[in-house]
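Next comes work-v2.pdb, a file with PDB, C-alpha atoms.
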```pdb
ATOM      1  CA  MET S1428    -181.184 -67.499 -35.219
ATOM      2  CA  THR S1429    -184.266 -69.083 -36.862
ATOM      3  CA  THR S1430    -186.630 -71.896 -35.960
ATOM      4  CA  LEU S1431    -189.383 -73.646 -37.893
ATOM      5  CA  ASP S1432    -192.943 -72.542 -37.097
ATOM      6  CA  ILE S1433    -195.036 -75.562 -36.044
ATOM      7  CA  SER S1434    -197.989 -74.136 -37.959
ATOM      8  CA  GLY S1435    -196.037 -74.645 -41.192
ATOM      9  CA  THR S1436    -196.087 -70.997 -42.265
ATOM     10  CA  GLY S1437    -192.322 -70.713 -42.421
ATOM     11  CA  PRO S1438    -189.286 -69.949 -40.278
ATOM     12  CA  VAL S1439    -189.696 -67.536 -37.356
ATOM     13  CA  LYS S1440    -186.880 -65.389 -35.942
ATOM     14  CA  THR S1441    -186.182 -65.767 -32.231
ATOM     15  CA  ARG S1442    -183.942 -63.718 -29.958
ATOM     16  CA  PRO S1443    -180.640 -65.257 -28.977
ATOM     17  CA  SER S1444    -180.207 -66.271 -25.347
ATOM     18  CA  GLY S1445    -178.857 -63.516 -23.028
ATOM     19  CA  PHE S1446    -176.380 -65.889 -21.355
ATOM     20  CA  GLN S1447    -173.241 -66.675 -23.277
ATOM     21  CA  PRO S1448    -170.935 -69.546 -22.383
ATOM     22  CA  ILE S1449    -167.886 -68.459 -20.405
ATOM     23  CA  SER S1450    -164.823 -68.430 -22.574
ATOM     24  CA  GLY S1451    -161.812 -70.518 -21.682
ATOM     25  CA  ARG S1452    -159.659 -67.404 -21.254
ATOM     26  CA  ARG S1453    -162.008 -65.970 -18.614
ATOM     27  CA  LYS S1454    -162.035 -69.280 -16.745
ATOM     28  CA  ILE S1455    -158.236 -69.365 -16.714
ATOM     29  CA  VAL S1456    -157.971 -65.749 -15.491
ATOM     30  CA  ASP S1457    -160.581 -66.371 -12.792
ATOM     31  CA  ARG S1458    -158.814 -69.491 -11.597
ATOM     32  CA  GLY S1459    -155.463 -67.709 -11.630
ATOM     33  CA  ALA S1460    -156.848 -64.851  -9.513
ATOM     34  CA  HIS S1461    -158.341 -67.362  -7.076
ATOM     35  CA  VAL S1462    -155.027 -69.176  -6.723
ATOM     36  CA  ALA S1463    -153.124 -65.883  -6.323
ATOM     37  CA  VAL S1464    -155.399 -64.799  -3.472
ATOM     38  CA  ILE S1465    -154.954 -68.128  -1.687
ATOM     39  CA  VAL S1466    -151.165 -67.944  -2.096
ATOM     40  CA  ALA S1467    -151.136 -64.385  -0.709
ATOM     41  CA  VAL S1468    -153.141 -65.481   2.341
ATOM     42  CA  VAL S1469    -150.784 -68.415   2.956
ATOM     43  CA  ILE S1470    -147.730 -66.149   2.617
ATOM     44  CA  ALA S1471    -149.253 -63.749   5.160
ATOM     45  CA  ILE S1472    -150.202 -66.519   7.610
ATOM     46  CA  ILE S1473    -146.889 -68.406   7.583
ATOM     47  CA  PRO S1474    -144.816 -65.669   9.338
ATOM     48  CA  LEU S1475    -147.631 -65.134  11.843
ATOM     49  CA  LEU S1476    -147.832 -68.831  12.710
ATOM     50  CA  TRP S1477    -144.046 -69.005  12.856
ATOM     51  CA  LEU S1478    -143.973 -66.048  15.249
ATOM     52  CA  ILE S1479    -146.682 -67.491  17.495
ATOM     53  CA  GLY S1480    -145.037 -70.913  17.492
ATOM     54  CA  THR S1481    -141.641 -69.463  18.402
ATOM     55  CA  LEU S1482    -143.198 -67.324  21.122
ATOM     56  CA  VAL S1483    -145.062 -70.239  22.669
ATOM     57  CA  TYR S1484    -142.062 -72.587  22.401
ATOM     58  CA  ASN S1485    -139.676 -70.168  24.124
ATOM     59  CA  GLY S1486    -142.076 -68.513  26.561
ATOM     60  CA  ILE S1487    -144.415 -71.224  27.788
ATOM     61  CA  GLU S1488    -142.082 -72.612  30.472
ATOM     62  CA  PRO S1489    -142.157 -69.557  32.815
ATOM     63  CA  LEU S1490    -145.935 -69.286  32.428
ATOM     64  CA  LEU S1491    -146.434 -72.848  33.661
ATOM     65  CA  ASP S1492    -144.946 -71.874  37.023
ATOM     66  CA  PRO S1493    -147.748 -70.644  39.359
ATOM     67  CA  ASP S1494    -145.346 -68.134  40.929
ATOM     68  CA  TRP S1495    -145.235 -66.296  37.590
ATOM     69  CA  TRP S1496    -148.841 -65.202  38.084
ATOM     70  CA  VAL S1497    -148.952 -64.689  41.857
ATOM     71  CA  SER S1498    -145.505 -63.265  42.718
ATOM     72  CA  SER S1499    -143.737 -60.049  41.847
ATOM     73  CA  GLU S1500    -140.553 -59.904  39.818
ATOM     74  CA  ARG S1501    -138.536 -59.751  43.011
ATOM     75  CA  TYR S1502    -139.605 -63.327  43.777
ATOM     76  CA  GLY S1503    -139.326 -64.660  40.227
ATOM     77  CA  GLY S1504    -142.818 -63.821  39.004
ATOM     78  CA  ALA S1505    -144.346 -61.173  36.769
ATOM     79  CA  LEU S1506    -147.443 -60.080  38.702
ATOM     80  CA  ASN S1507    -146.089 -56.578  39.294
ATOM     81  CA  ALA S1508    -145.505 -56.111  35.560
ATOM     82  CA  VAL S1509    -148.960 -57.437  34.688
ATOM     83  CA  ILE S1510    -150.600 -55.140  37.250
ATOM     84  CA  GLY S1511    -148.594 -52.157  36.007
ATOM     85  CA  THR S1512    -149.524 -52.811  32.384
ATOM     86  CA  LEU S1513    -153.218 -53.176  33.197
ATOM     87  CA  MET S1514    -153.322 -50.082  35.419
ATOM     88  CA  GLN S1515    -151.509 -47.846  32.939
ATOM     89  CA  THR S1516    -153.714 -49.028  30.081
ATOM     90  CA  ALA S1517    -156.882 -48.643  32.174
ATOM     91  CA  LEU S1518    -155.982 -45.061  33.076
ATOM     92  CA  ALA S1519    -155.308 -44.255  29.431
ATOM     93  CA  ALA S1520    -158.638 -45.789  28.396
ATOM     94  CA  LEU S1521    -160.491 -43.941  31.160
ATOM     95  CA  ILE S1522    -159.305 -40.629  29.711
ATOM     96  CA  SER S1523    -159.169 -41.280  25.977
ATOM     97  CA  VAL S1524    -162.398 -43.258  25.423
ATOM     98  CA  PRO S1525    -164.877 -40.552  26.590
ATOM     99  CA  LEU S1526    -162.748 -37.858  24.964
ATOM    100  CA  GLY S1527    -162.553 -39.691  21.641
ATOM    101  CA  ILE S1528    -166.271 -40.520  21.592
ATOM    102  CA  PHE S1529    -167.288 -36.928  22.313
ATOM    103  CA  VAL S1530    -164.975 -35.629  19.589
ATOM    104  CA  ALA S1531    -166.447 -38.106  17.103
ATOM    105  CA  ILE S1532    -169.997 -37.093  18.089
ATOM    106  CA  TYR S1533    -169.125 -33.459  17.461
ATOM    107  CA  LEU S1534    -167.609 -34.177  14.048
ATOM    108  CA  VAL S1535    -170.526 -36.335  12.860
ATOM    109  CA  GLU S1536    -173.605 -34.939  14.594
ATOM    110  CA  TYR S1537    -172.943 -31.255  15.237
ATOM    111  CA  SER S1538    -170.357 -30.132  12.695
ATOM    112  CA  ASP S1539    -170.901 -29.585   8.986
ATOM    113  CA  GLY S1540    -167.212 -30.184   8.336
ATOM    114  CA  LYS S1541    -166.613 -26.643   7.105
ATOM    115  CA  SER S1542    -166.215 -24.735  10.361
ATOM    116  CA  VAL S1543    -162.784 -23.715  11.583
ATOM    117  CA  LEU S1544    -163.067 -25.853  14.716
ATOM    118  CA  ALA S1545    -164.086 -28.932  12.724
ATOM    119  CA  ARG S1546    -161.241 -28.548  10.253
ATOM    120  CA  ILE S1547    -158.699 -27.991  13.018
ATOM    121  CA  THR S1548    -160.013 -31.014  14.939
ATOM    122  CA  THR S1549    -159.892 -33.264  11.870
ATOM    123  CA  PHE S1550    -156.393 -32.056  11.041
ATOM    124  CA  MET S1551    -155.123 -32.708  14.576
ATOM    125  CA  VAL S1552    -156.679 -36.180  14.648
ATOM    126  CA  ASP S1553    -154.958 -36.987  11.352
ATOM    127  CA  ILE S1554    -151.649 -35.719  12.713
ATOM    128  CA  LEU S1555    -151.929 -37.700  15.949
ATOM    129  CA  SER S1556    -152.769 -40.841  13.973
ATOM    130  CA  GLY S1557    -149.272 -40.822  12.469
ATOM    131  CA  VAL S1558    -147.287 -39.746  15.538
ATOM    132  CA  PRO S1559    -144.780 -42.414  16.671
ATOM    133  CA  SER S1560    -145.058 -43.520  20.278
ATOM    134  CA  ILE S1561    -141.591 -42.212  21.128
ATOM    135  CA  VAL S1562    -142.592 -38.718  20.003
ATOM    136  CA  ALA S1563    -145.635 -38.800  22.280
ATOM    137  CA  ALA S1564    -143.423 -39.996  25.142
ATOM    138  CA  LEU S1565    -140.860 -37.243  24.549
ATOM    139  CA  PHE S1566    -143.626 -34.626  24.456
ATOM    140  CA  VAL S1567    -145.007 -35.788  27.815
ATOM    141  CA  TYR S1568    -141.473 -35.899  29.214
ATOM    142  CA  ALA S1569    -140.789 -32.328  28.047
ATOM    143  CA  VAL S1570    -144.024 -30.998  29.543
ATOM    144  CA  TRP S1571    -144.418 -32.949  32.764
ATOM    145  CA  ARG S1572    -140.830 -33.789  33.663
ATOM    146  CA  THR S1573    -138.817 -30.873  32.307
ATOM    147  CA  THR S1574    -141.324 -28.038  32.619
ATOM    148  CA  LEU S1575    -143.433 -29.048  35.626
ATOM    149  CA  GLY S1576    -140.775 -31.132  37.348
ATOM    150  CA  LEU S1577    -143.058 -34.080  38.123
ATOM    151  CA  PRO S1578    -141.348 -37.366  39.034
ATOM    152  CA  ARG S1579    -141.438 -40.436  36.813
ATOM    153  CA  MET S1580    -144.526 -42.504  37.469
ATOM    154  CA  GLY S1581    -147.026 -44.764  35.770
ATOM    155  CA  PHE S1582    -149.568 -41.985  35.266
ATOM    156  CA  LEU S1583    -147.220 -40.241  32.829
ATOM    157  CA  VAL S1584    -147.181 -43.400  30.725
ATOM    158  CA  ALA S1585    -150.983 -43.297  30.672
ATOM    159  CA  ILE S1586    -150.885 -39.692  29.433
ATOM    160  CA  ALA S1587    -148.589 -40.680  26.567
ATOM    161  CA  LEU S1588    -150.870 -43.606  25.714
ATOM    162  CA  VAL S1589    -153.822 -41.197  25.628
ATOM    163  CA  LEU S1590    -152.149 -39.322  22.766
ATOM    164  CA  LEU S1591    -151.914 -42.603  20.867
ATOM    165  CA  MET S1592    -155.407 -43.870  21.708
ATOM    166  CA  VAL S1593    -157.521 -40.771  21.075
ATOM    167  CA  PRO S1594    -157.149 -40.683  17.261
ATOM    168  CA  LEU S1595    -157.927 -44.409  17.022
ATOM    169  CA  VAL S1596    -161.074 -44.019  19.124
ATOM    170  CA  VAL S1597    -162.151 -40.912  17.203
ATOM    171  CA  ARG S1598    -161.746 -42.530  13.799
ATOM    172  CA  SER S1599    -163.469 -45.797  14.697
ATOM    173  CA  THR S1600    -166.363 -44.042  16.452
ATOM    174  CA  GLU S1601    -166.727 -41.540  13.634
ATOM    175  CA  GLU S1602    -167.069 -44.281  11.038
ATOM    176  CA  MET S1603    -169.591 -46.182  13.159
ATOM    177  CA  LEU S1604    -171.745 -43.071  13.647
ATOM    178  CA  LYS S1605    -171.716 -42.357   9.926
ATOM    179  CA  ILE S1606    -173.268 -45.707   9.048
ATOM    180  CA  VAL S1607    -176.253 -45.173  11.358
ATOM    181  CA  PRO S1608    -179.215 -44.543   9.001
ATOM    182  CA  GLN S1609    -180.313 -40.920   8.861
ATOM    183  CA  ASP S1610    -183.924 -42.128   8.910
ATOM    184  CA  LEU S1611    -183.549 -43.101  12.576
ATOM    185  CA  ARG S1612    -182.506 -39.573  13.479
ATOM    186  CA  GLU S1613    -185.284 -37.981  11.450
ATOM    187  CA  ALA S1614    -187.903 -40.278  12.956
ATOM    188  CA  SER S1615    -186.745 -39.309  16.431
ATOM    189  CA  TYR S1616    -186.784 -35.591  15.584
ATOM    190  CA  ALA S1617    -190.292 -35.969  14.131
ATOM    191  CA  LEU S1618    -191.478 -37.231  17.513
ATOM    192  CA  GLY S1619    -190.092 -34.123  19.184
ATOM    193  CA  VAL S1620    -187.072 -35.790  20.811
ATOM    194  CA  PRO S1621    -184.192 -33.337  21.410
ATOM    195  CA  LYS S1622    -180.978 -33.864  19.494
ATOM    196  CA  TRP S1623    -178.870 -34.750  22.514
ATOM    197  CA  LYS S1624    -181.379 -37.392  23.588
ATOM    198  CA  THR S1625    -181.579 -38.742  20.028
ATOM    199  CA  ILE S1626    -177.811 -39.190  20.026
ATOM    200  CA  SER S1627    -177.721 -40.830  23.460
ATOM    201  CA  ARG S1628    -180.813 -43.033  23.065
ATOM    202  CA  ILE S1629    -180.880 -43.820  19.341
ATOM    203  CA  VAL S1630    -177.579 -43.172  17.570
ATOM    204  CA  LEU S1631    -175.079 -44.417  20.146
ATOM    205  CA  PRO S1632    -176.910 -47.671  21.006
ATOM    206  CA  THR S1633    -177.215 -48.454  17.290
ATOM    207  CA  ALA S1634    -173.480 -47.962  16.731
ATOM    208  CA  LEU S1635    -172.377 -49.293  20.118
ATOM    209  CA  SER S1636    -171.191 -52.659  18.827
ATOM    210  CA  GLY S1637    -168.739 -51.099  16.385
ATOM    211  CA  ILE S1638    -167.672 -48.445  18.883
ATOM    212  CA  VAL S1639    -166.828 -51.077  21.508
ATOM    213  CA  THR S1640    -164.825 -53.064  18.966
ATOM    214  CA  GLY S1641    -162.861 -49.958  17.933
ATOM    215  CA  VAL S1642    -162.166 -49.032  21.551
ATOM    216  CA  MET S1643    -160.927 -52.508  22.410
ATOM    217  CA  LEU S1644    -158.666 -52.613  19.381
ATOM    218  CA  ALA S1645    -157.251 -49.215  20.376
ATOM    219  CA  ILE S1646    -156.546 -50.578  23.860
ATOM    220  CA  SER S1647    -154.824 -53.609  22.357
ATOM    221  CA  ARG S1648    -152.781 -51.305  20.142
ATOM    222  CA  VAL S1649    -151.274 -49.280  23.012
ATOM    223  CA  MET S1650    -150.947 -52.054  25.588
ATOM    224  CA  GLY S1651    -147.623 -53.228  24.193
ATOM    225  CA  GLU S1652    -146.010 -49.833  23.569
ATOM    226  CA  SER S1653    -142.469 -49.773  24.923
ATOM    227  CA  ALA S1654    -141.244 -46.224  24.246
ATOM    228  CA  PRO S1655    -143.458 -44.464  26.854
ATOM    229  CA  VAL S1656    -142.546 -46.876  29.655
ATOM    230  CA  LEU S1657    -138.829 -46.628  28.876
ATOM    231  CA  ILE S1658    -138.857 -42.835  29.076
ATOM    232  CA  LEU S1659    -141.569 -41.937  31.579
ATOM    233  CA  VAL S1660    -141.429 -44.540  34.359
ATOM    234  CA  GLY S1661    -138.659 -46.265  36.231
ATOM    235  CA  SER S1662    -138.430 -50.026  36.614
ATOM    236  CA  THR S1663    -138.961 -51.802  39.894
ATOM    237  CA  LYS S1664    -139.142 -55.439  40.896
ATOM    238  CA  ALA S1665    -141.528 -54.657  43.735
ATOM    239  CA  MET S1666    -145.303 -54.402  43.562
ATOM    240  CA  ASN S1667    -146.658 -50.866  43.166
ATOM    241  CA  TRP S1668    -150.423 -50.428  43.141
ATOM    242  CA  ASN S1669    -150.242 -46.628  42.989
ATOM    243  CA  PRO S1670    -149.574 -45.273  39.469
ATOM    244  CA  PHE S1671    -149.238 -41.733  40.889
ATOM    245  CA  ASP S1672    -146.314 -42.495  43.182
ATOM    246  CA  GLY S1673    -142.939 -43.978  42.373
ATOM    247  CA  ASN S1674    -141.696 -46.416  39.776
ATOM    248  CA  GLN S1675    -144.076 -48.973  38.292
ATOM    249  CA  GLU S1676    -143.130 -52.003  36.254
ATOM    250  CA  SER S1677    -144.878 -53.088  33.060
ATOM    251  CA  LEU S1678    -144.432 -56.019  30.708
ATOM    252  CA  PRO S1679    -142.598 -54.079  27.939
ATOM    253  CA  LEU S1680    -140.277 -52.561  30.540
ATOM    254  CA  MET S1681    -139.725 -55.962  32.135
ATOM    255  CA  MET S1682    -138.703 -57.397  28.761
ATOM    256  CA  VAL S1683    -136.094 -54.676  28.277
ATOM    257  CA  GLN S1684    -134.722 -55.055  31.799
ATOM    258  CA  GLN S1685    -134.491 -58.832  31.589
ATOM    259  CA  TYR S1686    -132.893 -58.672  28.148
ATOM    260  CA  ASN S1687    -130.146 -56.466  29.573
ATOM    261  CA  ASN S1688    -129.412 -59.152  32.171
ATOM    262  CA  GLY S1689    -127.967 -61.426  29.501
ATOM    263  CA  PRO S1690    -128.821 -64.819  27.941
ATOM    264  CA  GLY S1691    -129.604 -66.336  31.327
ATOM    265  CA  ALA S1692    -132.754 -64.213  31.581
ATOM    266  CA  PHE S1693    -134.016 -64.712  28.025
ATOM    267  CA  ASP S1694    -136.629 -67.202  29.210
ATOM    268  CA  LYS S1695    -138.250 -64.412  31.237
ATOM    269  CA  VAL S1696    -138.106 -62.122  28.207
ATOM    270  CA  TRP S1697    -140.021 -64.665  26.161
ATOM    271  CA  GLY S1698    -142.373 -65.319  29.058
ATOM    272  CA  ALA S1699    -143.189 -61.620  29.418
ATOM    273  CA  ALA S1700    -143.744 -61.349  25.668
ATOM    274  CA  LEU S1701    -146.107 -64.332  25.667
ATOM    275  CA  THR S1702    -147.949 -62.912  28.687
ATOM    276  CA  LEU S1703    -148.444 -59.639  26.850
ATOM    277  CA  VAL S1704    -149.767 -61.441  23.784
ATOM    278  CA  ILE S1705    -152.198 -63.377  25.983
ATOM    279  CA  LEU S1706    -153.475 -60.157  27.559
ATOM    280  CA  VAL S1707    -153.937 -58.568  24.128
ATOM    281  CA  ALA S1708    -155.753 -61.690  22.897
ATOM    282  CA  ILE S1709    -158.060 -61.581  25.923
ATOM    283  CA  VAL S1710    -158.893 -57.952  25.179
ATOM    284  CA  TYR S1711    -159.490 -58.733  21.507
ATOM    285  CA  PHE S1712    -161.793 -61.684  22.110
ATOM    286  CA  GLY S1713    -163.476 -59.721  24.864
ATOM    287  CA  ALA S1714    -164.188 -57.028  22.296
ATOM    288  CA  LYS S1715    -165.686 -59.616  19.979
ATOM    289  CA  TRP S1716    -167.897 -60.941  22.758
ATOM    290  CA  VAL S1717    -169.036 -57.491  23.865
ATOM    291  CA  ALA S1718    -169.662 -56.430  20.264
ATOM    292  CA  LYS S1719    -171.809 -59.531  19.744
ATOM    293  CA  ILE S1720    -173.868 -58.739  22.831
ATOM    294  CA  PHE S1721    -174.488 -55.113  21.853
ATOM    295  CA  ALA S1722    -175.034 -55.825  18.151
ATOM    296  CA  PRO S1723    -178.538 -54.882  16.923
ATOM    297  CA  LYS S1724    -180.878 -57.830  16.922
ATOM    298  CA  THR S1725    -181.736 -59.105  13.441
ATOM    299  CA  SER S1726    -184.986 -60.778  14.387
TER     300      SER S1726
END
```
Could you write out this file's structure as structure tokens?
Amino acid sequence: MTTLDISGTGPVKTRPSGFQPISGRRKIVDRGAHVAVIVAVVIAIIPLLWLIGTLVYNGIEPLLDPDWWVSSERYGGALNAVIGTLMQTALAALISVPLGIFVAIYLVEYSDGKSVLARITTFMVDILSGVPSIVAALFVYAVWRTTLGLPRMGFLVAIALVLLMVPLVVRSTEEMLKIVPQDLREASYALGVPKWKTISRIVLPTALSGIVTGVMLAISRVMGESAPVLILVGSTKAMNWNPFDGNQESLPLMMVQQYNNGPGAFDKVWGAALTLVILVAIVYFGAKWVAKIFAPKTS
């Protein structure tokens, strides 16, 4: 490319511009990719909206009755199933959350990843991540019911849920701890702070937002499991506040029992399903709210 020198001494060479016009082919490919992504999102959302719409349409009527929330199944409500679901999930979280967090702290902060214990722990976490819920329920049944002879009760369901929750908590906590900058740890060590106090005062608070989100999503994941409640606890239409004694109802178990009663009880099946979805949604949005509170301040 040449231009005329204004001094009149002749043409002067100039460098071509570094920005080239976008070709038509690249514009077409870019637009096609954009459209394909939008179509994929729409295809993924349509079944979800259809499912939610069907669930609300078929299950909203029982939920509008106040007795559904304040009476047990014996009197036409679902309070005993809601209480059973919350208690079993709370017991599972009470055991699995501290256990999963401590395992993740060991893998990230204390282990180099090459020791025998670290490799065994990582391998077992990977195995538990792919274990179906019915396998966990059968394992608990074989140990506690067959071997130890313990009766069926809600606590056994919590034990089976622990096997499903622990790997989720470990993996989410492990990833959150890994993204904490190493500079924060080194600055704390430089000030003479012990390692355990650095983890508890620096590392965990920094990653707490992500850890809480992972824990809440793990709770949401196991709250609707049906296999453990079908195998490890008996159904009852009465209220049972003690998960260590006797049968205890839960929403998944209530759905199965009502479904077996025939088409006349399908409205309660849909109502229990919608109630379970509402509880899971509350836990999810609660996780979002808690994560926002504990997120590191940006200003």
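Against the coordinates shown, the PyMOL selection byres ((chain S and resi 1589-1601) around 7) returns S:Ala1519, S:Ile1522, S:Ser1523, S:Val1524, S:Gly1527, S:Ile1528, S:Val1530, S:Ala1531, S:Val1535, S:Val1552, S:Leu1555, S:Ser1556, S:Ser1560, S:Ala1563, S:Ala1585, S:Ile1586, S:Ala1587, S:Leu1588, S:Glu1602, S:Met1603, S:Leu1604, S:Lys1605, S:Ile1638, S:Gly1641, S:Val1642, S:Ala1645, S:Val1649.
Minimum atom-to-atom distances from S:Trp1623, S:Tyr1686, S:Phe1712, S:Tyr1616 to Gly1698 of chain S were compared using only C-alpha atoms, and the lowest value belongs to S:Tyr1686.
Selection check: the PyMOL selection byres ((chain S and resi 1671) around 8) on the shown file gives Met1580, Gly1581, Phe1582, Asn1669, Pro1670, Asp1672 and Gly1673 of chain S.
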**Q.** Pairwise distance for atom CA of Pro1690 of chain S and atom CA of Asn1667 of chain S, rounded to one decimal in Å
**A.**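 Here the two named atoms are 27.3 Å from each other.
Minimum atom-to-atom distances from S:Gln1609, S:Ser1499, S:Asn1674, S:Thr1625 to Leu1583 of chain S were compared using only C-alpha atoms, and the lowest value belongs to S:Asn1674.
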Q: Starting from the displayed file, determine the output of the PyMOL selection byres ((chain S and resi 1629) around 12) and express the residue list as an MDAnalysis selection string.
A: chainID S and resid 1604 1607:1616 1620:1628 1630:1635 1723
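Going from atom CA of Val1558 of chain S to atom CA of Glu1652 of chain S covers 13.0 Å.
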Q: Compare S:Arg1579, S:Thr1549, S:Gly1637, S:Val1456 by their minimum atom-to-atom distance to Ile1720 of chain S, counting only C-alpha atoms, and give me the closest one.
A: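 Among the listed residues, the smallest separation from Ile1720 of chain S belongs to S:Gly1637.
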Reconstruct segment 1472-1479 of chain S at the level of all heavy atoms, and format the result as a tab-separated table (two decimals), in the frame of the given file.
```
chain	number	residue	atom	x	y	z
S	1472	ILE	N	-149.96	-65.74	6.40
S	1472	ILE	CA	-150.20	-66.52	7.61
S	1472	ILE	C	-148.94	-67.22	8.11
S	1472	ILE	O	-148.73	-67.35	9.32
S	1472	ILE	CB	-151.32	-67.55	7.35
S	1472	ILE	CG1	-152.66	-66.84	7.21
S	1472	ILE	CG2	-151.40	-68.57	8.48
S	1472	ILE	CD1	-153.81	-67.78	6.92
S	1473	ILE	N	-148.09	-67.64	7.19
S	1473	ILE	CA	-146.89	-68.41	7.58
S	1473	ILE	C	-146.02	-67.64	8.58
S	1473	ILE	O	-145.66	-68.19	9.64
S	1473	ILE	CB	-146.08	-68.83	6.34
S	1473	ILE	CG1	-146.83	-69.94	5.58
S	1473	ILE	CG2	-144.68	-69.31	6.73
S	1473	ILE	CD1	-146.14	-70.37	4.29
S	1474	PRO	N	-145.62	-66.38	8.32
S	1474	PRO	CA	-144.82	-65.67	9.34
S	1474	PRO	C	-145.55	-65.50	10.67
S	1474	PRO	O	-144.93	-65.56	11.73
S	1474	PRO	CB	-144.54	-64.31	8.67
S	1474	PRO	CG	-144.75	-64.53	7.22
S	1474	PRO	CD	-145.82	-65.55	7.12
S	1475	LEU	N	-146.87	-65.29	10.61
S	1475	LEU	CA	-147.63	-65.13	11.84
S	1475	LEU	C	-147.62	-66.42	12.66
S	1475	LEU	O	-147.39	-66.39	13.88
S	1475	LEU	CB	-149.06	-64.72	11.51
S	1475	LEU	CG	-150.01	-64.54	12.71
S	1475	LEU	CD1	-149.49	-63.46	13.63
S	1475	LEU	CD2	-151.41	-64.20	12.22
S	1476	LEU	N	-147.87	-67.55	12.01
S	1476	LEU	CA	-147.83	-68.83	12.71
S	1476	LEU	C	-146.43	-69.15	13.22
S	1476	LEU	O	-146.27	-69.69	14.33
S	1476	LEU	CB	-148.31	-69.95	11.78
S	1476	LEU	CG	-149.78	-69.88	11.34
S	1476	LEU	CD1	-150.10	-71.01	10.38
S	1476	LEU	CD2	-150.71	-69.92	12.54
S	1477	TRP	N	-145.44	-68.80	12.44
S	1477	TRP	CA	-144.05	-69.00	12.86
S	1477	TRP	C	-143.75	-68.18	14.11
S	1477	TRP	O	-143.13	-68.67	15.07
S	1477	TRP	CB	-143.11	-68.63	11.72
S	1477	TRP	CG	-141.68	-69.05	11.92
S	1477	TRP	CD1	-141.15	-69.69	13.01
S	1477	TRP	CD2	-140.60	-68.87	11.01
S	1477	TRP	NE1	-139.83	-69.91	12.84
S	1477	TRP	CE2	-139.45	-69.42	11.62
S	1477	TRP	CE3	-140.51	-68.31	9.75
S	1477	TRP	CZ2	-138.21	-69.40	10.99
S	1477	TRP	CZ3	-139.26	-68.29	9.12
S	1477	TRP	CH2	-138.14	-68.83	9.74
S	1478	LEU	N	-144.20	-66.92	14.10
S	1478	LEU	CA	-143.97	-66.05	15.25
S	1478	LEU	C	-144.67	-66.58	16.49
S	1478	LEU	O	-144.07	-66.66	17.58
S	1478	LEU	CB	-144.48	-64.64	14.93
S	1478	LEU	CG	-144.46	-63.63	16.08
S	1478	LEU	CD1	-143.05	-63.39	16.56
S	1478	LEU	CD2	-145.11	-62.32	15.65
S	1479	ILE	N	-145.94	-66.98	16.35
S	1479	ILE	CA	-146.68	-67.49	17.50
S	1479	ILE	C	-146.05	-68.78	18.01
S	1479	ILE	O	-145.92	-68.98	19.22
S	1479	ILE	CB	-148.16	-67.70	17.11
S	1479	ILE	CG1	-148.82	-66.36	16.80
S	1479	ILE	CG2	-148.91	-68.41	18.24
S	1479	ILE	CD1	-150.24	-66.48	16.32
```
